[in-house]
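Participant: Quick one: the structure is below, and I'll ask about it shortly.
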Amino acid sequence: MRTVQIVSFLLVVGCTSSRDRSPSAACGLASLAGPTALLGQFSVPHQTLGSPPHTLPERLVVRSVAGPAYPAIVGRADSLWIIGVQGSLAPNVKPGFGVLVLDPSEKARGVVLYEGTPVEGAPEIGRVSVGDVTVPLIGIQLDPTKIEDPRCRLFPDSVIQ
């Protein structure tokens with residue numbers, strides 16, 4: 001029965017033009033597609049951050065994959081960044097690592113929080129603290145249009161204002 005529901009949902013979404021979809025349905029799909037595409041970008045040469053950026057804003061948005069966005073505070077410990085997520089994740093979410101996203105001008109866009117293990121070979125540039133859990137932070141610099149639908153921002157400014 002569950003398989004029929006999933007297939008029906010995919011058919012409805014697939015057979016509906018993007019103009020007919022409500023923003024929430026399109027953004028729901030984007031909340032999965034963007035973070036998935038982001039991980040694929042680590043295979044593109046010269047995008048993975050080899051060292052921590054020199055500066056970051058005092059506050060950032062942290063997005064849980066397919067979940068909500070949270071405000072976060074930014075600090076330093078020696079040469080590494082510490083991103084402190086404000087708020088509680090859903091009890092079933094087990095963070096494994098975060099990805100700091102910088103745009104081509106080196107402006108920090110936000111952090112995507114993933115479950116599982118970090119991308120192999122990506123240097124740790126800091127830590128993400130979520131409640132009583134601290135996980136590695138890796139980073140990437142890319143054009144945000146590769147991972148984000150402009151109508152459904154991964155890192156909405158309204159979260160930290």
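Quick note on naming: the chains in the structure tokens go A, B, ... in the order shown, residues restart at 1 in each chain, and ligands are numbered from 1 in order of appearance.
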With a distance cut-off of 12 Å and only C-alpha atoms, select the neighbouring residues of Gly34 in chain A, excluding the residue or stretch itself and same-chain residues fewer than 6 positions from it, and output the selection as number ranges by chain.
Facilitator: A: 26-28, 40-41, 63-66, 101, 112, 144-150, 152-155
Participant: How about saving the chosen residues, C-alpha atoms kept, as an mmCIF file, in the first residue's frame?
Facilitator:
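Okay, this is what ended up in part_3.cif:
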```cif
data_model
loop_
_atom_site.group_PDB
_atom_site.id
_atom_site.type_symbol
_atom_site.label_atom_id
_atom_site.label_comp_id
_atom_site.auth_asym_id
_atom_site.auth_seq_id
_atom_site.Cartn_x
_atom_site.Cartn_y
_atom_site.Cartn_z
ATOM 1 C CA ALA A 26 8.347 22.617 -5.311
ATOM 2 C CA CYS A 27 10.319 23.659 -2.249
ATOM 3 C CA GLY A 28 9.843 20.232 -0.695
ATOM 4 C CA GLY A 40 28.026 15.640 -5.888
ATOM 5 C CA GLN A 41 29.871 18.953 -6.212
ATOM 6 C CA ARG A 63 19.615 23.618 7.077
ATOM 7 C CA SER A 64 18.920 20.017 7.999
ATOM 8 C CA VAL A 65 18.580 17.902 4.839
ATOM 9 C CA ALA A 66 14.871 17.767 3.905
ATOM 10 C CA VAL A 101 28.683 26.633 1.578
ATOM 11 C CA VAL A 112 23.811 21.972 5.359
ATOM 12 C CA PRO A 144 24.650 28.558 -5.462
ATOM 13 C CA THR A 145 22.517 28.131 -8.602
ATOM 14 C CA LYS A 146 24.059 24.647 -8.923
ATOM 15 C CA ILE A 147 22.239 23.520 -5.787
ATOM 16 C CA GLU A 148 19.414 25.962 -5.114
ATOM 17 C CA ASP A 149 16.092 26.863 -6.694
ATOM 18 C CA PRO A 150 15.935 30.685 -6.430
ATOM 19 C CA CYS A 152 13.169 28.018 -2.526
ATOM 20 C CA ARG A 153 16.309 29.201 -0.806
ATOM 21 C CA LEU A 154 18.247 26.649 1.224
ATOM 22 C CA PHE A 155 19.430 29.373 3.580
#
```
Participant: Using only C-alpha atoms, which protein or nucleic acid residues come within 6 Å of range 79-96 of chain A? Drop anything in the same chain fewer than 4 positions from it, and give the result as a PyMOL selection string.
Facilitator: chain A and resi 71-75+114-117+125-130+135
Participant: Give me a file of those residues, with N, CA and C atoms, as a tab-separated table (two decimals), in the first residue's frame.
Facilitator:
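Result file follows (result-v4.tsv):
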```
chain	number	residue	atom	x	y	z
A	71	PRO	N	18.66	28.99	13.06
A	71	PRO	CA	19.70	30.00	13.23
A	71	PRO	C	20.89	29.37	13.94
A	72	ALA	N	22.07	29.90	13.69
A	72	ALA	CA	23.27	29.40	14.34
A	72	ALA	C	24.21	30.56	14.63
A	73	ILE	N	24.99	30.40	15.68
A	73	ILE	CA	26.02	31.38	16.00
A	73	ILE	C	27.37	30.80	15.58
A	74	VAL	N	28.28	31.70	15.25
A	74	VAL	CA	29.58	31.29	14.70
A	74	VAL	C	30.68	31.77	15.64
A	75	GLY	N	31.62	30.88	15.91
A	75	GLY	CA	32.77	31.22	16.74
A	75	GLY	C	34.00	30.50	16.23
A	114	TYR	N	24.04	17.03	7.46
A	114	TYR	CA	23.75	15.70	6.92
A	114	TYR	C	23.88	14.63	8.00
A	115	GLU	N	23.20	13.52	7.77
A	115	GLU	CA	23.43	12.33	8.56
A	115	GLU	C	24.53	11.53	7.85
A	116	GLY	N	25.16	10.60	8.53
A	116	GLY	CA	26.17	9.76	7.89
A	116	GLY	C	27.58	10.30	8.09
A	117	THR	N	28.50	9.81	7.26
A	117	THR	CA	29.90	10.18	7.39
A	117	THR	C	30.26	11.27	6.38
A	125	ILE	N	37.19	21.67	8.55
A	125	ILE	CA	37.49	23.09	8.74
A	125	ILE	C	36.85	23.63	10.03
A	126	GLY	N	36.21	22.74	10.77
A	126	GLY	CA	35.57	23.15	12.01
A	126	GLY	C	34.66	22.07	12.53
A	127	ARG	N	33.73	22.51	13.39
A	127	ARG	CA	32.78	21.60	14.02
A	127	ARG	C	31.41	22.26	14.03
A	128	VAL	N	30.37	21.43	14.01
A	128	VAL	CA	28.99	21.90	14.17
A	128	VAL	C	28.49	21.31	15.48
A	129	SER	N	28.00	22.17	16.35
A	129	SER	CA	27.48	21.75	17.64
A	129	SER	C	25.96	21.83	17.61
A	130	VAL	N	25.32	20.67	17.85
A	130	VAL	CA	23.86	20.58	17.86
A	130	VAL	C	23.47	19.90	19.16
A	135	VAL	N	29.77	17.54	15.50
A	135	VAL	CA	30.13	16.78	14.30
A	135	VAL	C	31.10	17.59	13.44
```
Participant: Given the choices A:Pro136, A:Ser31, A:Val119, A:Ser105, which gets closest to Gly67 in chain A if the distance is worked out from only C-alpha atoms?
Facilitator: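 Comparing A:Pro136, A:Ser31, A:Val119, A:Ser105 against Gly67 in chain A, the winner is A:Ser31.
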